[in-house]
$ cat final_0.pdb   # PDB, C-alpha atoms
ATOM      1  CA  GLY A  14      42.769 -18.144  -5.758  1.00  0.00           C
ATOM      2  CA  TRP A  15      42.101 -17.640  -9.420  1.00  0.00           C
ATOM      3  CA  ASN A  16      40.180 -20.920  -9.849  1.00  0.00           C
ATOM      4  CA  ALA A  17      37.700 -19.941  -7.136  1.00  0.00           C
ATOM      5  CA  TYR A  18      37.309 -16.449  -8.638  1.00  0.00           C
ATOM      6  CA  SER A  19      36.647 -17.945 -12.091  1.00  0.00           C
ATOM      7  CA  THR A  20      34.179 -20.428 -10.633  1.00  0.00           C
ATOM      8  CA  VAL A  21      32.161 -17.690  -8.927  1.00  0.00           C
ATOM      9  CA  ASN A  22      32.029 -15.731 -12.197  1.00  0.00           C
ATOM     10  CA  ARG A  23      30.872 -18.879 -14.052  1.00  0.00           C
ATOM     11  CA  ILE A  24      28.121 -19.492 -11.487  1.00  0.00           C
ATOM     12  CA  PHE A  25      26.882 -15.927 -11.979  1.00  0.00           C
ATOM     13  CA  ALA A  26      27.036 -16.414 -15.749  1.00  0.00           C
ATOM     14  CA  ASP A  27      24.881 -19.551 -15.458  1.00  0.00           C
ATOM     15  CA  LYS A  28      22.220 -17.646 -13.516  1.00  0.00           C
ATOM     16  CA  VAL A  29      22.251 -14.657 -15.846  1.00  0.00           C
ATOM     17  CA  VAL A  30      21.964 -16.873 -18.935  1.00  0.00           C
ATOM     18  CA  GLU A  31      19.141 -18.818 -17.265  1.00  0.00           C
ATOM     19  CA  THR A  32      17.092 -15.661 -16.674  1.00  0.00           C
ATOM     20  CA  PHE A  33      18.167 -13.651 -19.738  1.00  0.00           C
ATOM     21  CA  SER A  34      15.545 -12.378 -22.181  1.00  0.00           C
ATOM     22  CA  GLU A  35      16.229 -10.867 -25.581  1.00  0.00           C
ATOM     23  CA  GLY A  36      16.753  -7.110 -25.213  1.00  0.00           C
ATOM     24  CA  ASP A  37      17.899  -7.232 -21.581  1.00  0.00           C
ATOM     25  CA  ILE A  38      20.746  -4.985 -20.520  1.00  0.00           C
ATOM     26  CA  ILE A  39      23.124  -6.734 -18.149  1.00  0.00           C
ATOM     27  CA  TRP A  40      24.690  -4.388 -15.609  1.00  0.00           C
ATOM     28  CA  ILE A  41      27.567  -5.837 -13.560  1.00  0.00           C
ATOM     29  CA  GLN A  42      28.850  -4.010 -10.507  1.00  0.00           C
ATOM     30  CA  GLY A  43      32.027  -4.551  -8.548  1.00  0.00           C
ATOM     31  CA  HIS A  44      35.488  -6.045  -8.779  1.00  0.00           C
ATOM     32  CA  GLU A  45      34.208  -9.485  -7.763  1.00  0.00           C
ATOM     33  CA  LEU A  46      32.815 -10.097 -11.267  1.00  0.00           C
ATOM     34  CA  LEU A  47      35.413  -8.635 -13.626  1.00  0.00           C
ATOM     35  CA  ILE A  48      35.556 -11.665 -15.922  1.00  0.00           C
ATOM     36  CA  LEU A  49      31.786 -12.202 -16.015  1.00  0.00           C
ATOM     37  CA  PRO A  50      31.422 -10.109 -19.211  1.00  0.00           C
ATOM     38  CA  SER A  51      33.678 -12.595 -21.000  1.00  0.00           C
ATOM     39  CA  PHE A  52      31.601 -15.622 -19.960  1.00  0.00           C
ATOM     40  CA  LEU A  53      28.367 -13.856 -20.898  1.00  0.00           C
ATOM     41  CA  ALA A  54      29.624 -12.594 -24.257  1.00  0.00           C
ATOM     42  CA  ARG A  55      30.657 -16.124 -25.245  1.00  0.00           C
ATOM     43  CA  ARG A  56      27.350 -17.669 -24.275  1.00  0.00           C
ATOM     44  CA  LEU A  57      24.924 -14.932 -25.332  1.00  0.00           C
ATOM     45  CA  GLN A  58      27.020 -13.571 -28.223  1.00  0.00           C
ATOM     46  CA  SER A  59      25.642 -10.394 -29.719  1.00  0.00           C
ATOM     47  CA  ARG A  60      22.163 -10.814 -28.214  1.00  0.00           C
ATOM     48  CA  CYS A  61      23.036  -8.800 -25.115  1.00  0.00           C
ATOM     49  CA  HIS A  62      24.416  -5.453 -24.012  1.00  0.00           C
ATOM     50  CA  ILE A  63      26.778  -5.604 -21.042  1.00  0.00           C
ATOM     51  CA  GLY A  64      27.752  -2.778 -18.723  1.00  0.00           C
ATOM     52  CA  LEU A  65      30.382  -3.028 -15.982  1.00  0.00           C
ATOM     53  CA  PHE A  66      30.879  -0.503 -13.187  1.00  0.00           C
ATOM     54  CA  LEU A  67      33.724  -0.526 -10.679  1.00  0.00           C
ATOM     55  CA  HIS A  68      33.054   1.001  -7.281  1.00  0.00           C
ATOM     56  CA  SER A  69      36.678   0.742  -6.221  1.00  0.00           C
ATOM     57  CA  PRO A  70      39.886   2.326  -7.511  1.00  0.00           C
ATOM     58  CA  PHE A  71      41.541   0.793 -10.553  1.00  0.00           C
ATOM     59  CA  PRO A  72      45.304   0.545 -10.068  1.00  0.00           C
ATOM     60  CA  SER A  73      47.961   2.106 -12.249  1.00  0.00           C
ATOM     61  CA  SER A  74      49.488  -0.059 -14.966  1.00  0.00           C
ATOM     62  CA  GLU A  75      52.693  -0.329 -12.932  1.00  0.00           C
ATOM     63  CA  ILE A  76      50.781  -2.056 -10.136  1.00  0.00           C
ATOM     64  CA  PHE A  77      48.282  -3.937 -12.317  1.00  0.00           C
ATOM     65  CA  ARG A  78      51.030  -5.519 -14.430  1.00  0.00           C
ATOM     66  CA  THR A  79      52.307  -7.374 -11.350  1.00  0.00           C
ATOM     67  CA  LEU A  80      49.192  -9.576 -11.345  1.00  0.00           C
ATOM     68  CA  PRO A  81      49.786 -12.990 -12.916  1.00  0.00           C
ATOM     69  CA  VAL A  82      46.257 -12.974 -14.414  1.00  0.00           C
ATOM     70  CA  ARG A  83      46.313  -9.359 -15.637  1.00  0.00           C
ATOM     71  CA  GLU A  84      45.541 -10.214 -19.268  1.00  0.00           C
ATOM     72  CA  GLU A  85      42.630 -12.473 -18.335  1.00  0.00           C
ATOM     73  CA  ILE A  86      41.120  -9.747 -16.162  1.00  0.00           C
ATOM     74  CA  LEU A  87      41.510  -7.043 -18.820  1.00  0.00           C
ATOM     75  CA  ARG A  88      40.075  -9.245 -21.584  1.00  0.00           C
ATOM     76  CA  GLY A  89      37.205 -10.252 -19.320  1.00  0.00           C
ATOM     77  CA  MET A  90      36.351  -6.632 -18.598  1.00  0.00           C
ATOM     78  CA  LEU A  91      36.696  -5.581 -22.235  1.00  0.00           C
ATOM     79  CA  ASN A  92      33.945  -7.995 -23.255  1.00  0.00           C
ATOM     80  CA  ALA A  93      31.550  -5.464 -21.718  1.00  0.00           C
ATOM     81  CA  ASP A  94      30.153  -2.833 -24.066  1.00  0.00           C
ATOM     82  CA  HIS A  95      30.504  -0.092 -21.493  1.00  0.00           C
ATOM     83  CA  ILE A  96      32.837   0.196 -18.471  1.00  0.00           C
ATOM     84  CA  GLY A  97      32.305   2.867 -15.833  1.00  0.00           C
ATOM     85  CA  PHE A  98      34.519   4.263 -13.094  1.00  0.00           C
ATOM     86  CA  HIS A  99      33.926   6.778 -10.301  1.00  0.00           C
ATOM     87  CA  VAL A 100      36.700   9.177 -11.294  1.00  0.00           C
ATOM     88  CA  PHE A 101      38.743  10.017 -14.382  1.00  0.00           C
ATOM     89  CA  GLU A 102      41.994   8.793 -12.808  1.00  0.00           C
ATOM     90  CA  TYR A 103      40.654   5.213 -12.522  1.00  0.00           C
ATOM     91  CA  ALA A 104      39.365   5.265 -16.103  1.00  0.00           C
ATOM     92  CA  ARG A 105      42.742   6.545 -17.294  1.00  0.00           C
ATOM     93  CA  HIS A 106      44.525   3.777 -15.363  1.00  0.00           C
ATOM     94  CA  PHE A 107      42.299   1.204 -17.061  1.00  0.00           C
ATOM     95  CA  GLN A 108      42.916   2.699 -20.496  1.00  0.00           C
ATOM     96  CA  LYS A 109      46.674   2.692 -19.920  1.00  0.00           C
ATOM     97  CA  CYS A 110      46.562  -0.943 -18.799  1.00  0.00           C
ATOM     98  CA  ALA A 111      44.707  -1.911 -21.977  1.00  0.00           C
ATOM     99  CA  LYS A 112      47.277  -0.059 -24.058  1.00  0.00           C
ATOM    100  CA  ARG A 113      50.453  -1.104 -22.228  1.00  0.00           C
ATOM    101  CA  ILE A 114      49.561  -4.696 -21.344  1.00  0.00           C
ATOM    102  CA  LEU A 115      47.365  -5.757 -24.272  1.00  0.00           C
ATOM    103  CA  GLY A 116      48.669  -3.295 -26.871  1.00  0.00           C
ATOM    104  CA  LEU A 117      45.171  -1.998 -27.653  1.00  0.00           C
ATOM    105  CA  ALA A 118      44.337   1.320 -29.268  1.00  0.00           C
ATOM    106  CA  THR A 119      42.615   3.794 -26.978  1.00  0.00           C
ATOM    107  CA  SER A 120      41.027   7.120 -27.809  1.00  0.00           C
ATOM    108  CA  THR A 121      39.587  10.212 -26.247  1.00  0.00           C
ATOM    109  CA  GLU A 122      37.359  11.973 -28.758  1.00  0.00           C
ATOM    110  CA  SER A 123      35.096  14.855 -27.771  1.00  0.00           C
ATOM    111  CA  GLY A 124      35.552  13.918 -24.125  1.00  0.00           C
ATOM    112  CA  LYS A 125      34.530  10.297 -24.729  1.00  0.00           C
ATOM    113  CA  LEU A 126      36.954   7.530 -23.806  1.00  0.00           C
ATOM    114  CA  SER A 127      37.043   4.231 -25.675  1.00  0.00           C
ATOM    115  CA  ILE A 128      39.190   1.171 -26.267  1.00  0.00           C
ATOM    116  CA  ASP A 129      39.281  -0.843 -29.503  1.00  0.00           C
ATOM    117  CA  PHE A 130      38.805  -4.519 -28.625  1.00  0.00           C
ATOM    118  CA  GLN A 131      38.087  -7.371 -31.032  1.00  0.00           C
ATOM    119  CA  GLY A 132      36.730  -5.130 -33.779  1.00  0.00           C
ATOM    120  CA  ARG A 133      34.484  -2.979 -31.612  1.00  0.00           C
ATOM    121  CA  LYS A 134      34.761   0.122 -29.447  1.00  0.00           C
ATOM    122  CA  VAL A 135      34.275  -0.375 -25.724  1.00  0.00           C
ATOM    123  CA  SER A 136      33.129   2.892 -24.155  1.00  0.00           C
ATOM    124  CA  VAL A 137      34.669   4.000 -20.874  1.00  0.00           C
ATOM    125  CA  SER A 138      32.922   6.571 -18.713  1.00  0.00           C
ATOM    126  CA  ILE A 139      33.276   8.427 -15.462  1.00  0.00           C
ATOM    127  CA  CYS A 140      30.247   8.667 -13.223  1.00  0.00           C
ATOM    128  CA  PHE A 141      30.764   9.780  -9.678  1.00  0.00           C
ATOM    129  CA  ALA A 142      28.031   8.283  -7.567  1.00  0.00           C
ATOM    130  CA  GLY A 143      27.850   8.996  -3.921  1.00  0.00           C
ATOM    131  CA  VAL A 144      25.777  10.193  -1.040  1.00  0.00           C
ATOM    132  CA  VAL A 145      26.209  13.650   0.448  1.00  0.00           C
ATOM    133  CA  PRO A 146      25.839  12.977   4.192  1.00  0.00           C
ATOM    134  CA  GLU A 147      24.927  16.552   5.145  1.00  0.00           C
ATOM    135  CA  TYR A 148      22.081  16.587   2.620  1.00  0.00           C
ATOM    136  CA  ILE A 149      20.723  13.297   4.013  1.00  0.00           C
ATOM    137  CA  ARG A 150      21.004  14.532   7.610  1.00  0.00           C
ATOM    138  CA  ARG A 151      19.026  17.687   6.730  1.00  0.00           C
ATOM    139  CA  LYS A 152      16.261  15.791   4.938  1.00  0.00           C
ATOM    140  CA  ILE A 153      15.863  12.634   7.042  1.00  0.00           C
ATOM    141  CA  HIS A 154      13.990  14.298   9.908  1.00  0.00           C
ATOM    142  CA  LYS A 155      11.455  16.164   7.800  1.00  0.00           C
ATOM    143  CA  GLU A 156       7.853  15.060   8.228  1.00  0.00           C
ATOM    144  CA  VAL A 157       7.273  14.557   4.492  1.00  0.00           C
ATOM    145  CA  VAL A 158      10.287  12.216   4.304  1.00  0.00           C
ATOM    146  CA  ARG A 159       9.156  10.216   7.344  1.00  0.00           C
ATOM    147  CA  LYS A 160       5.659   9.775   5.875  1.00  0.00           C
ATOM    148  CA  LYS A 161       7.011   8.704   2.482  1.00  0.00           C
ATOM    149  CA  ALA A 162       9.339   6.195   4.169  1.00  0.00           C
ATOM    150  CA  GLU A 163       6.400   4.728   6.088  1.00  0.00           C
ATOM    151  CA  GLN A 164       4.432   4.378   2.843  1.00  0.00           C
ATOM    152  CA  LEU A 165       7.331   2.614   1.154  1.00  0.00           C
ATOM    153  CA  PHE A 166       7.853   0.258   4.082  1.00  0.00           C
ATOM    154  CA  ASP A 167       4.151  -0.618   3.997  1.00  0.00           C
ATOM    155  CA  LEU A 168       4.399  -1.565   0.306  1.00  0.00           C
ATOM    156  CA  THR A 169       7.228  -4.066   0.623  1.00  0.00           C
ATOM    157  CA  LYS A 170       8.130  -7.210   2.475  1.00  0.00           C
ATOM    158  CA  TYR A 171      11.774  -7.120   1.477  1.00  0.00           C
ATOM    159  CA  GLN A 172      14.841  -6.483   3.560  1.00  0.00           C
ATOM    160  CA  ILE A 173      16.719  -3.237   3.045  1.00  0.00           C
ATOM    161  CA  ILE A 174      20.400  -3.278   3.913  1.00  0.00           C
ATOM    162  CA  THR A 175      22.368  -0.088   4.259  1.00  0.00           C
ATOM    163  CA  ASN A 176      25.979   0.589   5.067  1.00  0.00           C
ATOM    164  CA  THR A 177      26.755   3.783   6.934  1.00  0.00           C
ATOM    165  CA  LYS A 178      30.228   4.595   8.208  1.00  0.00           C
ATOM    166  CA  LYS A 179      31.295   0.941   7.925  1.00  0.00           C
ATOM    167  CA  LYS A 180      28.554  -0.145  10.367  1.00  0.00           C
ATOM    168  CA  GLU A 181      26.097  -2.414   8.618  1.00  0.00           C
ATOM    169  CA  LYS A 182      22.497  -1.886   9.513  1.00  0.00           C
ATOM    170  CA  SER A 183      19.663  -4.111   8.472  1.00  0.00           C
ATOM    171  CA  ILE A 184      16.078  -2.919   8.448  1.00  0.00           C
ATOM    172  CA  THR A 185      13.397  -5.560   8.001  1.00  0.00           C
ATOM    173  CA  THR A 186       9.904  -4.531   7.087  1.00  0.00           C
ATOM    174  CA  GLU A 187       8.362  -7.933   7.744  1.00  0.00           C
ATOM    175  CA  GLU A 188       6.685  -8.505  11.053  1.00  0.00           C
ATOM    176  CA  GLU A 189       8.847 -10.685  13.234  1.00  0.00           C
TER     177      GLU A 189
END
$ encode --input "final_0.pdb" --output "structure tokens"
Amino acid sequence: GWNAYSTVNRIFADKVVETFSEGDIIWIQGHELLILPSFLARRLQSRCHIGLFLHSPFPSSEIFRTLPVREEILRGMLNADHIGFHVFEYARHFQKCAKRILGLATSTESGKLSIDFQGRKVSVSICFAGVVPEYIRRKIHKEVVRKKAEQLFDLTKYQIITNTKKKEKSITTEEE
């Protein structure tokens, strides 16, 4: 439940604080860490810049308001300096939640979305990020791509994990 979710976010905060250097930009991705900005902002104060990007839809305020911890989640997210969504609809849902649930002022000026939170403006953006499968299929078999991939695999001893059509595939470059 909520205690486990909070604990995971605190564990991440501990690790980020442990490795943080002045001037770092902290970029958080995914719904699993929505309250992490709050923990980081408290511990690092104004020494850091925090970005948060959601890869999943953000629900409408009608649905979001049914969550018992809705205010905690919104406040946690709003401790980021910048919050990004894939599409405008999700950003609008988030803005409406901030306005309807927390009573915050929101604005859209010159195409830029923002929310006033604790004396500062939190920017909200839309950035569609995705892979165009047809483009990849056309390029993947070209000789120049194959050679570049071989060069990259030779340079690293890390594991690359990809997810294609819900089938996870793991490619290890280390010799087994």
$ atom_distance --input "final_0.pdb" --atom1 "CA of Phe52 in chain A" --atom2 "CA of Val100 in chain A"
26.8 Å
$ atom_distance --input "final_0.pdb" --atom1 "CA of Gly36 in chain A" --atom2 "CA of His62 in chain A"
7.9 Å
$ resolve_selection --input "final_0.pdb" --expression "the PyMOL selection byres ((chain A and resi 103-114) around 7)" --output "PDB file with C-alpha atoms, in the coordinates of the input"
ATOM      1  CA  PRO A  70      39.886   2.326  -7.511  1.00  0.00           C
ATOM      2  CA  PHE A  71      41.541   0.793 -10.553  1.00  0.00           C
ATOM      3  CA  PRO A  72      45.304   0.545 -10.068  1.00  0.00           C
ATOM      4  CA  SER A  73      47.961   2.106 -12.249  1.00  0.00           C
ATOM      5  CA  SER A  74      49.488  -0.059 -14.966  1.00  0.00           C
ATOM      6  CA  LEU A  87      41.510  -7.043 -18.820  1.00  0.00           C
ATOM      7  CA  PHE A  98      34.519   4.263 -13.094  1.00  0.00           C
ATOM      8  CA  VAL A 100      36.700   9.177 -11.294  1.00  0.00           C
ATOM      9  CA  PHE A 101      38.743  10.017 -14.382  1.00  0.00           C
ATOM     10  CA  GLU A 102      41.994   8.793 -12.808  1.00  0.00           C
ATOM     11  CA  LEU A 115      47.365  -5.757 -24.272  1.00  0.00           C
ATOM     12  CA  GLY A 116      48.669  -3.295 -26.871  1.00  0.00           C
ATOM     13  CA  LEU A 117      45.171  -1.998 -27.653  1.00  0.00           C
ATOM     14  CA  ALA A 118      44.337   1.320 -29.268  1.00  0.00           C
ATOM     15  CA  THR A 119      42.615   3.794 -26.978  1.00  0.00           C
ATOM     16  CA  VAL A 137      34.669   4.000 -20.874  1.00  0.00           C
ATOM     17  CA  ILE A 139      33.276   8.427 -15.462  1.00  0.00           C
TER      18      ILE A 139
END
$ closest_residue --input "final_0.pdb" --among "A:Ile48, A:Phe66, A:Thr121, A:Ile39" --to "Ile24 in chain A" --atoms "only C-alpha atoms"
A:Ile48
$ residues_near_point --input "final_0.pdb" --point "(23.5, -13.9, -13.9)" --cutoff "12 Å" --atoms "all atoms listed in the file" --output "PyMOL selection string"
chain A and resi 21-34+37-42+46+49-50+52-53+56-57+63
$ atom_distance --input "final_0.pdb" --atom1 "CA of Glu45 in chain A" --atom2 "CA of Val145 in chain A"
25.8 Å
$ axis_aligned_box --input "final_0.pdb" --around "range 133-150 of chain A" --padding-each-side "6 Å" --output "JSON"
{"center_x": 27.7, "center_y": 6.8, "center_z": -12.0, "size_x": 26.0, "size_y": 31.6, "size_z": 51.2}
$ residues_near_point --input "final_0.pdb" --point "(44.8, -11.7, -15.3)" --cutoff "12 Å" --atoms "only C-alpha atoms" --output "short mmCIF file (atom, residue, chain, number, x, y, z; two decimals) with C-alpha atoms, keeping the file's coordinate frame"
data_model
loop_
_atom_site.label_atom_id
_atom_site.label_comp_id
_atom_site.auth_asym_id
_atom_site.auth_seq_id
_atom_site.Cartn_x
_atom_site.Cartn_y
_atom_site.Cartn_z
CA GLY A 14 42.77 -18.14 -5.76
CA TRP A 15 42.10 -17.64 -9.42
CA ASN A 16 40.18 -20.92 -9.85
CA TYR A 18 37.31 -16.45 -8.64
CA SER A 19 36.65 -17.94 -12.09
CA LEU A 47 35.41 -8.64 -13.63
CA ILE A 48 35.56 -11.66 -15.92
CA PHE A 77 48.28 -3.94 -12.32
CA ARG A 78 51.03 -5.52 -14.43
CA THR A 79 52.31 -7.37 -11.35
CA LEU A 80 49.19 -9.58 -11.34
CA PRO A 81 49.79 -12.99 -12.92
CA VAL A 82 46.26 -12.97 -14.41
CA ARG A 83 46.31 -9.36 -15.64
CA GLU A 84 45.54 -10.21 -19.27
CA GLU A 85 42.63 -12.47 -18.34
CA ILE A 86 41.12 -9.75 -16.16
CA LEU A 87 41.51 -7.04 -18.82
CA ARG A 88 40.08 -9.24 -21.58
CA GLY A 89 37.20 -10.25 -19.32
CA MET A 90 36.35 -6.63 -18.60
CA CYS A 110 46.56 -0.94 -18.80
CA ALA A 111 44.71 -1.91 -21.98
CA ILE A 114 49.56 -4.70 -21.34
CA LEU A 115 47.36 -5.76 -24.27
#
$ closest_residue --input "final_0.pdb" --among "A:Glu35, A:Glu163, A:Asp94, A:Glu75" --to "Ile128 in chain A" --atoms "all atoms listed in the file"
A:Asp94
$ closest_residue --input "final_0.pdb" --among "A:His44, A:Lys152, A:His95, A:His68" --to "Lys125 in chain A" --atoms "only C-alpha atoms"
A:His95
$ residues_around --input "final_0.pdb" --residues "Ala54 in chain A" --least-positions-apart "4" --cutoff "8 Å" --atoms "only C-alpha atoms" --output "list in words"
Pro50, Gln58, Ser59, Cys61, Asn92 and Ala93 of chain A
